[in-house]
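Engineer: Enclosed is the structure file model.txt (compact mmCIF, C-alpha atoms).
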# COMPACT_ATOMS: atom_id res chain seq x y z
CA LEU A 29 190.87 -9.68 153.75
CA ILE A 30 193.90 -8.62 151.65
CA LEU A 31 194.16 -12.14 150.21
CA VAL A 32 190.46 -12.18 149.26
CA GLY A 33 190.79 -8.70 147.73
CA GLY A 34 193.81 -9.84 145.71
CA VAL A 35 191.97 -12.91 144.40
CA ILE A 36 188.92 -10.82 143.45
CA PHE A 37 191.14 -8.24 141.71
CA ASP A 38 192.96 -10.99 139.81
CA GLN A 39 189.66 -12.56 138.68
CA PHE A 40 188.28 -9.17 137.64
CA LYS A 41 191.48 -8.41 135.69
CA SER A 42 191.30 -11.78 133.87
CA ILE A 43 187.64 -11.34 132.93
CA TYR A 44 188.22 -7.75 131.80
CA GLN A 45 191.19 -8.76 129.62
CA ALA A 46 189.16 -11.57 128.07
CA LYS A 47 186.39 -9.09 127.17
CA ILE A 48 188.90 -6.67 125.65
CA TYR A 49 190.52 -9.43 123.56
CA ALA A 50 187.11 -10.65 122.38
CA HIS A 51 186.19 -7.09 121.36
CA LEU A 52 189.49 -6.64 119.51
CA GLU A 53 189.01 -9.95 117.69
CA GLU A 54 185.56 -8.78 116.60
CA LEU A 55 186.98 -5.47 115.33
CA VAL A 56 189.70 -7.24 113.38
CA ALA A 57 187.13 -9.63 111.87
CA LYS A 58 184.94 -6.69 110.79
CA HIS A 59 187.94 -4.92 109.23
CA ARG A 60 188.97 -8.09 107.44
CA GLN A 61 185.46 -8.64 106.12
CA ALA A 62 185.12 -5.03 104.90
CA ILE A 63 188.51 -5.13 103.19
CA ASP A 64 187.85 -8.54 101.62
CA THR A 65 184.47 -7.35 100.35
CA PHE A 66 185.99 -4.17 98.90
CA LEU A 67 188.79 -6.03 97.13
CA SER A 68 186.53 -8.84 95.88
CA GLU A 69 184.10 -6.34 94.40
CA LYS A 70 186.84 -4.47 92.56
CA GLN A 71 188.36 -7.70 91.34
CA ARG A 72 184.96 -8.88 90.03
CA LYS A 73 184.56 -5.63 88.09
CA ILE A 74 187.97 -5.97 86.46
CA ARG A 75 187.27 -9.62 85.73
CA PHE A 76 183.96 -8.63 84.12
CA VAL A 77 185.77 -6.18 81.82
CA ALA A 78 188.39 -8.80 80.91
CA GLU A 79 185.73 -11.44 80.20
CA SER A 80 183.39 -9.11 78.30
CA PHE A 81 185.83 -7.72 75.78
CA THR A 82 188.55 -9.08 73.53
CA TYR A 83 192.24 -8.28 73.54
CA GLU A 84 191.77 -6.28 70.34
CA GLN A 85 189.02 -4.18 71.90
CA LEU A 86 190.91 -3.53 75.13
CA THR A 87 194.16 -2.61 73.38
CA ASP A 88 192.29 0.20 71.63
CA GLU A 89 193.14 2.97 74.10
CA ALA A 90 189.98 4.97 73.34
CA PHE A 91 187.89 1.89 74.11
CA LEU A 92 189.92 1.17 77.27
CA ALA A 93 189.44 4.78 78.37
CA LYS A 94 185.65 4.41 77.98
CA GLN A 95 185.73 1.29 80.17
CA LEU A 96 187.74 3.17 82.81
CA GLN A 97 185.33 6.12 82.67
CA HIS A 98 182.41 3.74 83.17
CA LEU A 99 184.08 2.18 86.23
CA GLN A 100 184.89 5.63 87.61
CA LYS A 101 181.30 6.73 87.10
CA VAL A 102 179.99 3.71 89.00
CA PHE A 103 182.66 3.60 91.73
CA SER A 104 183.67 7.24 92.00
CA LEU A 105 187.42 7.51 91.52
CA VAL A 106 188.38 4.21 93.17
CA PHE A 107 189.83 3.04 89.85
CA VAL A 108 192.69 5.39 88.92
CA ASP A 109 193.79 3.78 85.67
CA MET A 110 193.72 0.61 83.59
CA GLY A 111 196.20 -1.04 81.31
CA ILE A 112 196.85 -4.08 79.17
CA VAL A 113 200.20 -5.73 79.84
CA ASP A 114 201.63 -8.38 77.53
CA ALA A 115 203.44 -11.57 78.54
CA THR A 116 206.81 -9.79 78.58
CA GLY A 117 205.63 -7.19 81.09
CA ARG A 118 205.29 -4.31 78.65
CA GLN A 119 202.17 -2.19 78.97
CA ILE A 120 200.78 -1.97 75.46
CA ALA A 121 197.59 -0.01 76.15
CA TYR A 122 196.89 2.48 78.92
CA ALA A 123 194.03 4.67 80.09
CA GLY A 124 194.54 7.07 82.96
CA PRO A 125 196.20 10.26 84.16
CA PHE A 126 199.84 9.13 83.97
CA ASP A 127 202.17 8.60 81.02
CA LEU A 128 202.56 4.83 81.46
CA ARG A 129 202.07 3.50 77.92
CA GLY A 130 205.05 1.28 77.19
CA ALA A 131 205.98 0.94 80.87
CA ASP A 132 208.07 -2.14 81.64
CA TYR A 133 206.64 -4.19 84.51
CA SER A 134 208.69 -7.33 83.84
CA GLN A 135 210.57 -7.01 87.15
CA ALA A 136 207.60 -5.82 89.23
CA GLY A 137 206.46 -8.19 91.95
CA TRP A 138 202.78 -7.73 91.12
CA PHE A 139 203.45 -8.66 87.47
CA LYS A 140 205.32 -11.85 88.38
CA ASP A 141 202.43 -12.85 90.67
CA ALA A 142 199.80 -11.88 88.09
CA VAL A 143 201.41 -14.11 85.45
CA GLN A 144 201.16 -17.07 87.83
CA ASN A 145 197.57 -16.48 89.03
CA PRO A 146 194.29 -15.94 87.18
CA PHE A 147 193.40 -13.09 89.58
CA HIS A 148 195.74 -11.07 91.72
CA VAL A 149 195.66 -8.21 94.22
CA SER A 150 199.08 -6.74 94.92
CA ASP A 151 200.43 -5.36 98.14
CA VAL A 152 200.59 -1.59 98.47
CA PHE A 153 203.69 -0.17 96.78
CA LEU A 154 205.01 3.10 95.31
CA GLY A 155 205.80 1.89 91.77
CA LEU A 156 206.40 4.16 88.78
CA ARG A 157 204.07 6.89 90.02
CA ASP A 158 205.90 7.23 93.37
CA SER A 159 202.68 7.24 95.41
CA PRO A 160 201.05 4.42 97.39
CA HIS A 161 198.67 2.27 95.38
CA PHE A 162 197.90 -1.33 94.61
CA ILE A 163 197.00 -3.31 91.53
CA VAL A 164 194.06 -5.59 90.82
CA SER A 165 194.71 -7.79 87.81
CA VAL A 166 193.21 -10.53 85.70
CA ARG A 167 195.32 -12.90 83.60
CA LYS A 168 193.82 -13.90 80.27
CA PHE A 169 194.70 -16.28 77.48
CA GLU A 170 193.38 -15.85 73.94
CA GLY A 171 194.85 -18.65 71.90
CA ASP A 172 198.58 -18.65 72.60
CA ARG A 173 198.54 -15.03 73.73
CA LEU A 174 198.82 -14.27 77.46
CA TRP A 175 197.83 -10.79 78.58
CA ILE A 176 196.91 -9.07 81.80
CA LEU A 177 194.28 -6.45 82.47
CA ARG A 178 195.49 -4.40 85.40
CA ALA A 179 193.75 -1.61 87.26
CA THR A 180 195.15 0.67 89.93
CA ILE A 181 193.06 1.14 93.04
CA ASP A 182 193.23 4.54 94.71
CA PHE A 183 194.84 4.05 98.11
CA VAL A 184 192.98 7.06 99.55
CA SER A 185 189.63 5.42 98.73
CA PHE A 186 190.83 2.20 100.30
CA ASN A 187 191.99 4.13 103.39
CA ASP A 188 188.60 5.86 103.57
CA LEU A 189 186.96 2.43 103.71
CA VAL A 190 189.16 1.38 106.62
CA GLU A 191 188.48 4.64 108.46
CA LYS A 192 184.74 4.25 107.86
CA VAL A 193 184.84 0.78 109.44
CA GLU A 194 186.75 2.24 112.41
CA ARG A 195 184.16 5.04 112.86
CA GLU A 196 181.32 2.52 112.70
CA ASN A 197 183.02 0.37 115.30
CA GLU A 198 183.61 3.38 117.55
CA SER A 199 179.94 4.38 117.35
CA VAL A 200 178.85 0.78 118.12
CA GLY A 201 181.30 0.58 121.02
CA ARG A 202 179.88 3.67 122.73
Produce structure tokens that represent the structure in this file.

Structural biologist:
Amino acid sequence: LILVGGVIFDQFKSIYQAKIYAHLEELVAKHRQAIDTFLSEKQRKIRFVAESFTYEQLTDEAFLAKQLQHLQKVFSLVFVDMGIVDATGRQIAYAGPFDLRGADYSQAGWFKDAVQNPFHVSDVFLGLRDSPHFIVSVRKFEGDRLWILRATIDFVSFNDLVEKVERENESVGR
């Protein structure tokens, strides 16, 4: 009887663990999909701005500020700031709440990756503003000129998205 009970317990434990792992895999997949969708949407918006306007237009800081205001109106305050960075890593136009015009990004990891890729989403880092954020960027060429349109994504908004997915999963799991 003890042997049969042990076998039944072992089978139950194996089945229960398999169900838990399957549930966790589903949660991870939902998180990944929500995050990928969020980042893809923001990247498409920045790409749209980069494709719709010229370097000359976007280096006009008043014009760049209007584009940022439009994005903030549509997406709340997900987009914190925007800037145009030249091939040397110097930010030549900036719109946003920080004093980052002329900032040197030549040694920043996101800049090195952005120069190599047409579209880039950085890892979360502290950077010049000393608060967690990440960059979405688009590399552009106009003639011989390489430039990058970069936008900072508010980490709190991103975190809210992750928490929302967790709450939805908790309510489904009940």

Engineer: Here is a test: counting only C-alpha atoms, which residue of A:Arg118, A:His51, A:Lys140, A:His148 is nearest to Gln71 in chain A?

Structural biologist: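 Between A:Arg118, A:His51, A:Lys140, A:His148, the residue approaching Gln71 in chain A most closely is A:His148.
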
Engineer: By how many Å are CA of Pro146 in chain A and CA of Asp132 in chain A apart?

Structural biologist: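 Computing it gives 20.3 Å between the two atoms.
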
Engineer: Can you pull out the residues contacting Asp151 in chain A? Cut-off 8 Å, using all atoms listed in the file, and skip same-chain residues under 3 positions away; I want them as a PyMOL selection string.

Structural biologist: chain A and resi 138+162-163

Engineer: Kindly save the residues from that selection, with C-alpha atoms included, as a PDB file, in the coordinates of the input.

Structural biologist:
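File produced: selection_8.pdb:
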ATOM      1  CA  TRP A 138     202.780  -7.730  91.120  1.00  0.00           C
ATOM      2  CA  PHE A 162     197.900  -1.330  94.610  1.00  0.00           C
ATOM      3  CA  ILE A 163     197.000  -3.310  91.530  1.00  0.00           C
TER       4      ILE A 163
END

Engineer: Of the residues A:Asp188, A:Asn145, A:Leu96, A:Glu79, which is the one nearest to Glu170 in chain A, using only C-alpha atoms?

Structural biologist: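 Of A:Asp188, A:Asn145, A:Leu96, A:Glu79, the one nearest Glu170 in chain A is A:Glu79, counting only C-alpha atoms.
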
Engineer: What does the distance between CA of Gly33 in chain A and CA of Tyr49 in chain A come to in Å, to one decimal place?

Structural biologist: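 Rounded to one decimal, the two atoms are 24.2 Å apart.
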
Engineer: A:Ser104, A:Gln95, A:Ser134, A:Ser150: which is nearest Ala78 in chain A, counting only C-alpha atoms?

Structural biologist: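 When distances to Ala78 in chain A are compared using only C-alpha atoms, the smallest one comes from A:Gln95.
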
Engineer: Which one is closest to Asp109 in chain A: A:Ser185, A:Val166, A:Ala50, A:Leu177? Count only C-alpha atoms.

Structural biologist: A:Leu177

Engineer: Skip Gly155 in chain A itself and residues of its chain fewer than 6 positions away, then list as a PyMOL selection string all residues within 10 Å of it, counting all atoms listed in the file.

Structural biologist: chain A and resi 133+136+161-162

Engineer: To one decimal in Å, tell me the separation between CA of Ile74 in chain A and CA of Leu174 in chain A.

Structural biologist: 16.4 Å

Engineer: Closest to Phe183 in chain A among A:Leu31, A:Tyr122, A:Phe147, A:Leu67, using all atoms listed in the file?

Structural biologist: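 Closest to Phe183 in chain A of all the choices is A:Leu67.
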
Engineer: Near Asn187 in chain A, within 12 Å and counting all atoms listed in the file, which residues show up once chain neighbours fewer than 6 positions away are dropped, as an MDAnalysis selection string?

Structural biologist: chainID A and resid 59 62:63 66 106 152 160:162 181 193:194

Engineer: With a distance cut-off of 12 Å and all atoms listed in the file, select the neighbouring residues of Leu92 in chain A, excluding the residue or stretch itself and same-chain residues fewer than 5 positions from it, and output the selection as a list in words.

Structural biologist: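 Counting all atoms listed in the file, the residues come to Ile74, Val77, Ala78, Phe81, Thr82, Tyr83, Glu84, Gln85, Leu86, Thr87, Gln97, His98, Leu99, Asp109, Met110, Gly111, Ile112, Ile120, Ala121, Tyr122, Ala123, Gly124, Leu177, Arg178 and Ala179 of chain A.
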
Engineer: From the options A:Thr180, A:Val149, A:Glu89, A:Lys70, which residue's atoms come nearest to Val102 in chain A, counting all atoms listed in the file?

Structural biologist: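 Of the candidates, the smallest distance to Val102 in chain A is held by A:Lys70.
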